[in-house]
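Enquirer: One structure, pasted below without further comment.
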Amino acid sequence: MIELQEAAYGYGGGPLLSDISLRLAPGSFHFLTGPSGAGKTTFLKLCYADLRATSGHVTLFGQDTKDMSRDEIAQARQRMGVVHQDCEFLDHLSLSENIALPLTVTGRSGEAQEANLSELMGWVGLSARADALPPELSGGERQRAALARAVITDPDVILADEPTGNIDWEMSLRLLQLLVELNRMGKTILIATHDLGLIRAAKAQVSARVLRIAGGRLQLAGADL
Amino acid sequence: MSVLSGLLEILKGDAQADRVVPRRGHSVRLTLFTSGAMAFLAVFALALSLASGRLADRWSDALARSSTIRISAPAAQMEAQIWAVLEVLEQTPGVASARALTEDEQRALLEPWFGPDLPLEDLPVPRLVEVIETETGYDPDGLRLRLAAEAPGAVLDDHTRWRRPLVRAAERVRSLGWISLALILGSVAAMITLAAQSALAANVKVIRVLRLVGGRDVYIARAFVRRFTLRALTGAAVGTALGMIAIAMLPSAQEQGGFLTGLGFAGLHWLWPLTIPLLSAVTAFWATRSAAFRTLRSLP
C-alpha cells in the first residue's frame, strides 16, 4: 500500500529524515509522534507524494513515487484521504461543496454520491453547517470537515497531520472516535501528532503501532505509550 | 484533446467544475473588454481587406478588358481617321467591340474640369474610341503597328501604365488587412495568456487544494480554459456585432464616394465576420491551455 525503504529527505541543509523504512499494511493503525520540527509533516508529505525522497524509495500502491507522473500521483491520491494540518479549503465554496470536492474533481458527483455526502455530514455532525463558508467554521468544525473530505471517496488509506491540533480535548476524542470507526471498517490509518494523550486514548480502543521520529530517524516508541 | 472536442467540451460545460475556480472580477472584465475591442477592430480590418480585394479584382478584371484609342487629327481628317481605326479594330482578333465616343459623352468626361458649357467643336480635343476585348484579348503591339500604318493620329492606351500600380496598391492594402487580422489574433492570444497566467498565479492555493484531493492537471487546466474561452467568445461576439452594425451604418457605396464608401461587406462577405468570435475562442482556448499547463508544470 504505502512503503518507505531507506527513504531520506532534506530541505537544503542536512537531511531532515534519513534511513526511513516503514510498510503500512492494509487495515493497520499507526501513530507518528515526535517533537515539533522533527519531520512528521515531511514524513506524511513523502507518503502522499507531495515531496519526493532525496534518496531511498517511497512506493505508493506498488509504484515508486520517483517514477510517477503528475497524473499517476493524482490517481494515487484518489485512493488516499489526507487531513492536512492547516485544513486547507476553498473559501468560495460551501462546506458541503468542499467536502464533495474529491468527487467533483474526479467526475464522480451524482445522486448516489449526494446521498453519501449527506450521510457523511451527519456522521461528522456538520449537517446543519452544509451551506456555511469555510471562514465561518470553528477549528473543530474545520477538522471534522477535513476528515469528511478525506473519507468521502472511500479511500484505502487515511493520513492525518495533527488532526486535533487546534481543538479542545472533547472534540479531539470525538475526532479520534471517527478515525477508530474508519479503522474498524478496514481503513489504514496513519496519524501524525504530538498529543500523547490522544495516543493513549486510541490505544485503549485499537491496536495501534506508535512510531517516533528522533534525530531524523524513525523508531518504535517505548512502552511508556 | 483536439481543438474541436475541446471546444465542444467547453460549450457543454460542467456547472460544478466551473465553481471550483473562484471568479475574480479583474480578469473577467479585462478579457471581455479586450476580446470585444479586438473583435471590433478585426471587423474593420476584415472589411478593409475584402473591400480592397473587390477593388483589386474590379480594376484588374474590368479595366483589363477595356482600352481606349485616342485620335488627334485636323478636323477635316478626323472622321476618316475614326473610320480607319474602327475598320482596323473590326479586323483585329481579340476585340469584342469598338465604338467612338459621342461628343456628348466626351463633354461629360471633361465636365468636371472645364464645366458644362464646353464648346467642344471649337477645341482641338482628340476623339476617343472605346475598345472592349474578348476573354483572350488582343495583341497590343500588333495593334499599335497597324494603327500607325492605317491611322497615324491614333494612339492606343490599354490602361496598363496606371492600372498596374493601382491593382498592386489594392492588393497590398488587402494583404495589410490580413496581416492586421493576424496581429489582432496574436494580440488576443498574448492578452489572454497574460490574463490566464495572472488568474493562475492568483489561484495557487486553489490549485494546491485541487491537487491534494486528487485533481489531475488536465482537470485544473480545463477549469481555466473553459472560463477564458467562453469569456473571449462572449466578448468577441459583442465586439463583432457592434463592428458589423458600425459597418452597416457606413454611407452606401457610390461612384462619387470612391473607395471609402465602398468599405464594407457585400453579399456573402457579411458571413465572414461571423468567424471572428470563433477564431477568438480557438485562440483563447490554445493560449489559456498552454499558459495553464506551463504554469502547472512550474508549480511544485
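Going by the C-alpha cells order, chains are called A, B, ..., each with residues numbered from 1, while ligands are numbered from 1 in the order shown.
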Residues of chain A that have any atom at most 7 Å from an atom of chain B: could you tabulate them with the shortest-distance atom pair and the distance in Å to one decimal, using only C-alpha atoms, ordered by chain and increasing number, as CSV?

Expert:
residue,atom,partner,partner_atom,distance
A:Asp71,CA,B:Arg216,CA,5.7
A:Ala74,CA,B:Gly214,CA,4.5
A:Gln75,CA,B:Gly214,CA,6.3
A:Arg77,CA,B:Gly214,CA,5.0
A:Gln78,CA,B:Gly214,CA,4.9
A:Glu88,CA,B:Val209,CA,6.6
A:Phe89,CA,B:Val209,CA,6.9
A:Leu90,CA,B:Val206,CA,6.3
A:His92,CA,B:Pro22,CA,6.4
A:Pro102,CA,B:Val213,CA,5.1
A:Thr104,CA,B:Ala17,CA,6.8
A:Val105,CA,B:Gly215,CA,5.1
A:Thr106,CA,B:Gly215,CA,6.6

Enquirer: Looking only at strand (DSSP E or B) from DSSP on the backbone, list the matching residues of stretch 68-105 of chain B as a PyMOL selection string.

Expert: chain B and resi 68-71+95-100

Enquirer: Those same residues, written as a compact mmCIF listing (two decimals), in the first residue's frame with N, CA and C atoms?

Expert:
# COMPACT_ATOMS: atom_id res chain seq x y z
N THR B 68 -8.54 52.28 -74.69
CA THR B 68 -9.00 53.48 -75.39
C THR B 68 -8.01 53.81 -76.51
N ILE B 69 -8.57 54.26 -77.62
CA ILE B 69 -7.69 54.78 -78.69
C ILE B 69 -7.98 56.27 -78.82
N ARG B 70 -6.92 57.02 -78.71
CA ARG B 70 -7.04 58.49 -78.78
C ARG B 70 -6.61 58.93 -80.19
N ILE B 71 -7.51 59.70 -80.87
CA ILE B 71 -7.19 60.12 -82.25
C ILE B 71 -7.02 61.63 -82.28
N VAL B 95 -10.73 41.58 -80.29
CA VAL B 95 -11.52 42.78 -80.00
C VAL B 95 -13.00 42.38 -80.08
N ALA B 96 -13.70 42.54 -78.97
CA ALA B 96 -15.11 42.16 -78.94
C ALA B 96 -15.97 43.24 -79.56
N SER B 97 -15.71 44.47 -79.19
CA SER B 97 -16.48 45.57 -79.77
C SER B 97 -15.67 46.86 -79.70
N ALA B 98 -16.05 47.80 -80.53
CA ALA B 98 -15.36 49.08 -80.51
C ALA B 98 -16.35 50.14 -80.97
N ARG B 99 -16.28 51.31 -80.33
CA ARG B 99 -17.17 52.38 -80.76
C ARG B 99 -16.53 53.72 -80.42
N ALA B 100 -16.83 54.71 -81.22
CA ALA B 100 -16.32 56.06 -80.96
C ALA B 100 -17.25 56.74 -79.97

Enquirer: Select, from A:Leu211, A:Leu137, A:Ala221, A:Val82, the residue with the minimum atom-to-atom distance to A:Arg23, counting only C-alpha atoms.

Expert: A:Leu211

Enquirer: Using only C-alpha atoms, which residues sit within 8 Å of stretch 224-241 of chain B once same-chain residues fewer than 5 positions away are excluded, as number ranges by chain?

Expert: B: 10-11, 13, 18, 21, 28, 31-40, 42-43, 192, 196, 200, 273-274, 276-278, 280-282, 284-285, 288-289, 292

Enquirer: Keeping N, CA and C atoms, export the residues of the selection given above as an mmCIF file, in the first residue's frame.

Expert:
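The new file again_17.cif reads:
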data_model
loop_
_atom_site.group_PDB
_atom_site.id
_atom_site.type_symbol
_atom_site.label_atom_id
_atom_site.label_comp_id
_atom_site.auth_asym_id
_atom_site.auth_seq_id
_atom_site.Cartn_x
_atom_site.Cartn_y
_atom_site.Cartn_z
ATOM 1 N N ILE B 10 -16.117 22.410 -23.788
ATOM 2 C CA ILE B 10 -16.285 23.714 -23.148
ATOM 3 C C ILE B 10 -17.723 24.198 -23.281
ATOM 4 N N LEU B 11 -18.291 24.039 -24.491
ATOM 5 C CA LEU B 11 -19.657 24.503 -24.705
ATOM 6 C C LEU B 11 -20.649 23.678 -23.885
ATOM 7 N N GLY B 13 -20.032 22.365 -20.987
ATOM 8 C CA GLY B 13 -19.959 22.942 -19.651
ATOM 9 C C GLY B 13 -20.060 21.914 -18.531
ATOM 10 N N ASP B 18 -17.075 24.417 -12.934
ATOM 11 C CA ASP B 18 -16.956 25.867 -13.116
ATOM 12 C C ASP B 18 -16.831 26.592 -11.791
ATOM 13 N N VAL B 21 -13.025 27.014 -9.532
ATOM 14 C CA VAL B 21 -12.104 28.155 -9.589
ATOM 15 C C VAL B 21 -12.908 29.423 -9.303
ATOM 16 N N VAL B 28 -11.969 38.952 -15.490
ATOM 17 C CA VAL B 28 -13.206 38.804 -16.275
ATOM 18 C C VAL B 28 -13.393 40.036 -17.152
ATOM 19 N N THR B 31 -10.601 40.426 -19.899
ATOM 20 C CA THR B 31 -10.748 39.504 -21.024
ATOM 21 C C THR B 31 -11.933 39.894 -21.905
ATOM 22 N N LEU B 32 -13.059 40.200 -21.263
ATOM 23 C CA LEU B 32 -14.247 40.559 -22.042
ATOM 24 C C LEU B 32 -14.001 41.815 -22.864
ATOM 25 N N PHE B 33 -13.433 42.837 -22.200
ATOM 26 C CA PHE B 33 -13.239 44.114 -22.898
ATOM 27 C C PHE B 33 -12.236 43.956 -24.051
ATOM 28 N N THR B 34 -11.106 43.328 -23.765
ATOM 29 C CA THR B 34 -10.069 43.240 -24.792
ATOM 30 C C THR B 34 -10.508 42.392 -25.967
ATOM 31 N N SER B 35 -11.151 41.265 -25.681
ATOM 32 C CA SER B 35 -11.568 40.439 -26.821
ATOM 33 C C SER B 35 -12.668 41.150 -27.603
ATOM 34 N N GLY B 36 -13.529 41.904 -26.911
ATOM 35 C CA GLY B 36 -14.564 42.674 -27.605
ATOM 36 C C GLY B 36 -13.946 43.752 -28.478
ATOM 37 N N ALA B 37 -12.999 44.500 -27.915
ATOM 38 C CA ALA B 37 -12.362 45.591 -28.665
ATOM 39 C C ALA B 37 -11.589 45.039 -29.862
ATOM 40 N N MET B 38 -10.897 43.931 -29.644
ATOM 41 C CA MET B 38 -10.104 43.339 -30.730
ATOM 42 C C MET B 38 -11.026 42.827 -31.844
ATOM 43 N N ALA B 39 -12.153 42.251 -31.452
ATOM 44 C CA ALA B 39 -13.096 41.754 -32.469
ATOM 45 C C ALA B 39 -13.652 42.928 -33.278
ATOM 46 N N PHE B 40 -13.941 44.044 -32.589
ATOM 47 C CA PHE B 40 -14.450 45.245 -33.263
ATOM 48 C C PHE B 40 -13.435 45.702 -34.319
ATOM 49 N N ALA B 42 -11.097 43.864 -35.610
ATOM 50 C CA ALA B 42 -10.949 42.799 -36.615
ATOM 51 C C ALA B 42 -12.010 42.924 -37.703
ATOM 52 N N VAL B 43 -13.221 43.341 -37.313
ATOM 53 C CA VAL B 43 -14.288 43.517 -38.308
ATOM 54 C C VAL B 43 -13.852 44.575 -39.328
ATOM 55 N N ILE B 192 -4.792 37.126 -23.569
ATOM 56 C CA ILE B 192 -5.430 36.009 -22.844
ATOM 57 C C ILE B 192 -4.371 35.247 -22.046
ATOM 58 N N ALA B 196 -4.635 34.793 -18.184
ATOM 59 C CA ALA B 196 -4.706 33.428 -17.645
ATOM 60 C C ALA B 196 -3.580 33.189 -16.641
ATOM 61 N N LEU B 200 -4.048 32.239 -12.833
ATOM 62 C CA LEU B 200 -3.430 31.030 -12.259
ATOM 63 C C LEU B 200 -2.574 31.396 -11.054
ATOM 64 N N PRO B 273 -17.401 38.030 -41.038
ATOM 65 C CA PRO B 273 -17.164 38.483 -39.658
ATOM 66 C C PRO B 273 -17.642 37.490 -38.605
ATOM 67 N N LEU B 274 -18.604 36.613 -38.997
ATOM 68 C CA LEU B 274 -19.112 35.648 -38.018
ATOM 69 C C LEU B 274 -18.036 34.658 -37.588
ATOM 70 N N ILE B 276 -15.099 35.591 -36.687
ATOM 71 C CA ILE B 276 -14.199 36.261 -35.732
ATOM 72 C C ILE B 276 -14.398 35.748 -34.293
ATOM 73 N N PRO B 277 -15.646 35.652 -33.778
ATOM 74 C CA PRO B 277 -15.797 35.115 -32.415
ATOM 75 C C PRO B 277 -15.253 33.697 -32.292
ATOM 76 N N LEU B 278 -15.479 32.895 -33.347
ATOM 77 C CA LEU B 278 -14.990 31.512 -33.313
ATOM 78 C C LEU B 278 -13.458 31.484 -33.278
ATOM 79 N N SER B 280 -11.533 33.859 -32.206
ATOM 80 C CA SER B 280 -11.123 34.370 -30.897
ATOM 81 C C SER B 280 -11.198 33.265 -29.850
ATOM 82 N N ALA B 281 -12.279 32.474 -29.917
ATOM 83 C CA ALA B 281 -12.446 31.391 -28.943
ATOM 84 C C ALA B 281 -11.348 30.341 -29.111
ATOM 85 N N VAL B 282 -11.049 29.997 -30.361
ATOM 86 C CA VAL B 282 -9.990 28.996 -30.611
ATOM 87 C C VAL B 282 -8.640 29.541 -30.119
ATOM 88 N N ALA B 284 -8.187 31.802 -27.772
ATOM 89 C CA ALA B 284 -8.206 31.831 -26.298
ATOM 90 C C ALA B 284 -8.013 30.424 -25.741
ATOM 91 N N PHE B 285 -8.633 29.457 -26.402
ATOM 92 C CA PHE B 285 -8.513 28.061 -25.965
ATOM 93 C C PHE B 285 -7.045 27.636 -25.933
ATOM 94 N N THR B 288 -4.860 29.865 -23.372
ATOM 95 C CA THR B 288 -5.076 29.527 -21.959
ATOM 96 C C THR B 288 -4.535 28.135 -21.651
ATOM 97 N N ARG B 289 -4.754 27.226 -22.591
ATOM 98 C CA ARG B 289 -4.317 25.843 -22.362
ATOM 99 C C ARG B 289 -2.796 25.780 -22.200
ATOM 100 N N ALA B 292 -1.827 27.527 -18.973
ATOM 101 C CA ALA B 292 -2.198 26.745 -17.785
ATOM 102 C C ALA B 292 -1.218 25.598 -17.551
#

Enquirer: Hey, what's within 12 Å of A:Glu114 if we count only C-alpha atoms and toss same-chain stuff fewer than 3 positions away? As a CSV table (one decimal) with N, CA and C atoms, in the first residue's frame, please?

Expert:
chain,number,residue,atom,x,y,z
A,96,SER,N,-20.4,21.9,2.2
A,96,SER,CA,-20.7,20.6,1.5
A,96,SER,C,-20.0,20.5,0.2
A,97,GLU,N,-19.8,21.6,-0.5
A,97,GLU,CA,-19.1,21.6,-1.8
A,97,GLU,C,-17.6,21.2,-1.5
A,99,ILE,N,-16.4,19.5,1.0
A,99,ILE,CA,-16.3,18.1,1.4
A,99,ILE,C,-16.5,17.2,0.1
A,100,ALA,N,-17.3,17.6,-0.8
A,100,ALA,CA,-17.6,16.8,-2.0
A,100,ALA,C,-16.5,17.0,-3.1
A,101,LEU,N,-15.5,17.9,-2.8
A,101,LEU,CA,-14.5,18.3,-3.8
A,101,LEU,C,-13.8,17.1,-4.4
A,103,LEU,N,-14.9,14.2,-5.1
A,103,LEU,CA,-15.8,13.6,-6.0
A,103,LEU,C,-15.9,14.5,-7.3
A,104,THR,N,-16.0,15.8,-7.0
A,104,THR,CA,-16.2,16.7,-8.1
A,104,THR,C,-15.0,16.7,-9.1
A,108,ARG,N,-17.1,12.2,-10.2
A,108,ARG,CA,-17.9,11.2,-9.6
A,108,ARG,C,-19.1,11.7,-8.9
A,109,SER,N,-19.4,13.0,-9.0
A,109,SER,CA,-20.5,13.6,-8.3
A,109,SER,C,-21.8,13.1,-9.0
A,110,GLY,N,-22.7,12.6,-8.2
A,110,GLY,CA,-24.0,12.1,-8.8
A,110,GLY,C,-25.0,12.0,-7.6
A,111,GLU,N,-26.2,11.4,-7.9
A,111,GLU,CA,-27.2,11.3,-6.9
A,111,GLU,C,-26.7,10.4,-5.8
A,117,LEU,N,-22.8,12.0,0.7
A,117,LEU,CA,-22.3,13.3,1.3
A,117,LEU,C,-23.2,13.7,2.4
A,118,SER,N,-24.5,13.5,2.2
A,118,SER,CA,-25.5,13.9,3.3
A,118,SER,C,-25.2,13.0,4.5
A,119,GLU,N,-25.1,11.7,4.3
A,119,GLU,CA,-24.8,10.8,5.4
A,119,GLU,C,-23.5,11.1,6.1
A,120,LEU,N,-22.5,11.4,5.3
A,120,LEU,CA,-21.2,11.7,5.9
A,120,LEU,C,-21.2,13.0,6.7
A,121,MET,N,-21.9,14.0,6.3
A,121,MET,CA,-22.0,15.2,7.0
A,121,MET,C,-22.7,15.0,8.4
A,152,ILE,N,-14.5,10.8,1.9
A,152,ILE,CA,-15.7,10.8,1.0
A,152,ILE,C,-15.6,9.9,-0.2
A,153,THR,N,-14.3,9.7,-0.6
A,153,THR,CA,-14.1,8.8,-1.8
A,153,THR,C,-13.9,7.3,-1.4

Enquirer: Got a sec: who's within 6 Å of stretch 41-55 of chain A, counting only C-alpha atoms, leaving out chain neighbours fewer than 5 positions off, as a ChimeraX atom specification?

Expert: /A:7-9

Enquirer: Show which residues sit within 10 Å of A:Gly37, as a CSV table (one decimal) with C-alpha atoms, in the first residue's frame. Count only C-alpha atoms, and ignore same-chain residues fewer than 5 positions away.

Expert:
chain,number,residue,atom,x,y,z
A,16,LEU,CA,15.7,16.1,8.0
A,42,THR,CA,7.6,16.0,5.9
A,213,ILE,CA,10.9,10.5,14.8
A,216,GLY,CA,15.7,12.3,11.7

Enquirer: I need the residue nearest B:Leu86 from this list: B:Leu123, B:Leu143, B:Ile184, B:Ala51. Use only C-alpha atoms for the distance.

Expert: B:Leu143

Enquirer: When you look at A:Val83 with a cut-off of 10 Å (counting only C-alpha atoms), what residues show up, excluding the ones that are within fewer than 4 positions of it in the same chain? I need them as a CSV table (one decimal) with C-alpha atoms, in the first residue's frame.

Expert:
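Result written to out-v1.csv:
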chain,number,residue,atom,x,y,z
A,87,CYS,CA,-7.2,22.1,6.8
A,88,GLU,CA,-7.0,23.9,3.5
A,143,GLN,CA,-11.1,19.5,11.4
A,144,ARG,CA,-14.2,17.3,11.1
A,145,ALA,CA,-14.9,18.7,7.7
A,146,ALA,CA,-11.3,17.9,6.7
A,147,LEU,CA,-11.9,14.3,7.9
A,148,ALA,CA,-15.2,14.1,6.0
A,149,ARG,CA,-13.5,15.3,2.8
A,150,ALA,CA,-10.7,12.8,3.3
A,151,VAL,CA,-13.0,9.8,3.5
A,158,ILE,CA,-6.1,7.9,5.7
A,159,LEU,CA,-3.2,10.2,6.5
A,160,ALA,CA,-3.9,12.8,9.2
A,161,ASP,CA,-1.4,15.6,10.1
A,162,GLU,CA,-2.1,16.9,13.6
A,163,PRO,CA,-5.9,16.4,13.2
A,191,ILE,CA,-1.8,9.9,12.3
B,212,LEU,CA,-4.2,17.4,-2.8
B,213,VAL,CA,-7.7,16.0,-3.2

Enquirer: Quick one: pick out all helix (DSSP H, G or I) residues within stretch 85-159 of chain B from a backbone DSSP run and write them as a PyMOL selection string.

Expert: chain B and resi 85-90+103-114+120-122+140-150

Enquirer: May I have the selected residues written with N, CA and C atoms, as a short mmCIF file (atom, residue, chain, number, x, y, z; two decimals), in the first residue's frame?

Expert:
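Generated file (again-v7.cif):
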data_model
loop_
_atom_site.label_atom_id
_atom_site.label_comp_id
_atom_site.auth_asym_id
_atom_site.auth_seq_id
_atom_site.Cartn_x
_atom_site.Cartn_y
_atom_site.Cartn_z
N VAL B 85 -9.71 53.66 -87.96
CA VAL B 85 -9.43 52.97 -86.69
C VAL B 85 -10.47 51.88 -86.46
N LEU B 86 -11.76 52.22 -86.65
CA LEU B 86 -12.82 51.23 -86.42
C LEU B 86 -12.68 50.04 -87.37
N GLU B 87 -12.22 50.31 -88.57
CA GLU B 87 -12.03 49.23 -89.54
C GLU B 87 -10.89 48.31 -89.10
N VAL B 88 -9.83 48.94 -88.65
CA VAL B 88 -8.69 48.13 -88.15
C VAL B 88 -9.15 47.26 -86.99
N LEU B 89 -9.91 47.87 -86.09
CA LEU B 89 -10.36 47.14 -84.89
C LEU B 89 -11.29 45.99 -85.27
N GLU B 90 -12.11 46.22 -86.28
CA GLU B 90 -13.04 45.19 -86.70
C GLU B 90 -12.30 43.96 -87.20
N GLU B 103 -19.86 63.16 -78.98
CA GLU B 103 -19.41 64.44 -78.44
C GLU B 103 -19.99 64.68 -77.05
N ASP B 104 -21.24 64.26 -76.87
CA ASP B 104 -21.87 64.44 -75.54
C ASP B 104 -21.14 63.64 -74.47
N GLU B 105 -20.77 62.42 -74.84
CA GLU B 105 -20.04 61.59 -73.86
C GLU B 105 -18.69 62.21 -73.53
N GLN B 106 -18.01 62.73 -74.53
CA GLN B 106 -16.70 63.36 -74.27
C GLN B 106 -16.87 64.63 -73.43
N ARG B 107 -17.96 65.36 -73.72
CA ARG B 107 -18.22 66.57 -72.94
C ARG B 107 -18.44 66.19 -71.46
N ALA B 108 -19.18 65.11 -71.24
CA ALA B 108 -19.43 64.65 -69.86
C ALA B 108 -18.13 64.26 -69.16
N LEU B 109 -17.21 63.67 -69.91
CA LEU B 109 -15.92 63.29 -69.31
C LEU B 109 -15.11 64.52 -68.92
N LEU B 110 -15.22 65.57 -69.73
CA LEU B 110 -14.40 66.76 -69.46
C LEU B 110 -15.09 67.75 -68.51
N GLU B 111 -16.38 67.52 -68.28
CA GLU B 111 -17.16 68.46 -67.47
C GLU B 111 -16.58 68.74 -66.09
N PRO B 112 -16.09 67.74 -65.38
CA PRO B 112 -15.53 68.03 -64.05
C PRO B 112 -14.39 69.05 -64.10
N TRP B 113 -13.68 69.14 -65.20
CA TRP B 113 -12.53 70.07 -65.27
C TRP B 113 -12.89 71.42 -65.94
N PHE B 114 -13.74 71.37 -66.99
CA PHE B 114 -13.99 72.60 -67.76
C PHE B 114 -15.42 73.15 -67.62
N LEU B 120 -16.94 72.08 -77.38
CA LEU B 120 -16.05 71.00 -77.81
C LEU B 120 -15.69 71.10 -79.30
N GLU B 121 -16.69 71.57 -80.10
CA GLU B 121 -16.47 71.61 -81.54
C GLU B 121 -15.41 72.63 -81.94
N ASP B 122 -15.17 73.65 -81.02
CA ASP B 122 -14.19 74.70 -81.35
C ASP B 122 -12.80 74.37 -80.83
N PRO B 140 -1.49 43.98 -78.17
CA PRO B 140 -1.40 45.45 -78.20
C PRO B 140 -0.28 45.95 -79.12
N ASP B 141 0.84 45.22 -79.17
CA ASP B 141 1.96 45.69 -80.02
C ASP B 141 1.59 45.61 -81.50
N GLY B 142 0.91 44.50 -81.87
CA GLY B 142 0.46 44.34 -83.25
C GLY B 142 -0.53 45.42 -83.63
N LEU B 143 -1.47 45.69 -82.70
CA LEU B 143 -2.49 46.71 -82.97
C LEU B 143 -1.84 48.08 -83.14
N ARG B 144 -0.86 48.38 -82.31
CA ARG B 144 -0.18 49.68 -82.41
C ARG B 144 0.48 49.85 -83.80
N LEU B 145 1.11 48.77 -84.26
CA LEU B 145 1.78 48.83 -85.57
C LEU B 145 0.77 49.08 -86.69
N ARG B 146 -0.38 48.38 -86.58
CA ARG B 146 -1.42 48.54 -87.62
C ARG B 146 -2.01 49.94 -87.60
N LEU B 147 -2.23 50.44 -86.36
CA LEU B 147 -2.79 51.80 -86.23
C LEU B 147 -1.80 52.83 -86.81
N ALA B 148 -0.53 52.63 -86.56
CA ALA B 148 0.48 53.58 -87.05
C ALA B 148 0.44 53.63 -88.59
N ALA B 149 0.14 52.46 -89.20
CA ALA B 149 0.10 52.42 -90.66
C ALA B 149 -1.21 52.97 -91.22
N GLU B 150 -2.34 52.62 -90.61
CA GLU B 150 -3.65 52.97 -91.14
C GLU B 150 -4.19 54.33 -90.65
#

Enquirer: Work out how far apart atom CA of B:Leu176 and atom CA of B:Phe44 are and give it in Å to one decimal.

Expert: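 Pair atom CA of B:Leu176 / atom CA of B:Phe44 returns 12.0 Å.
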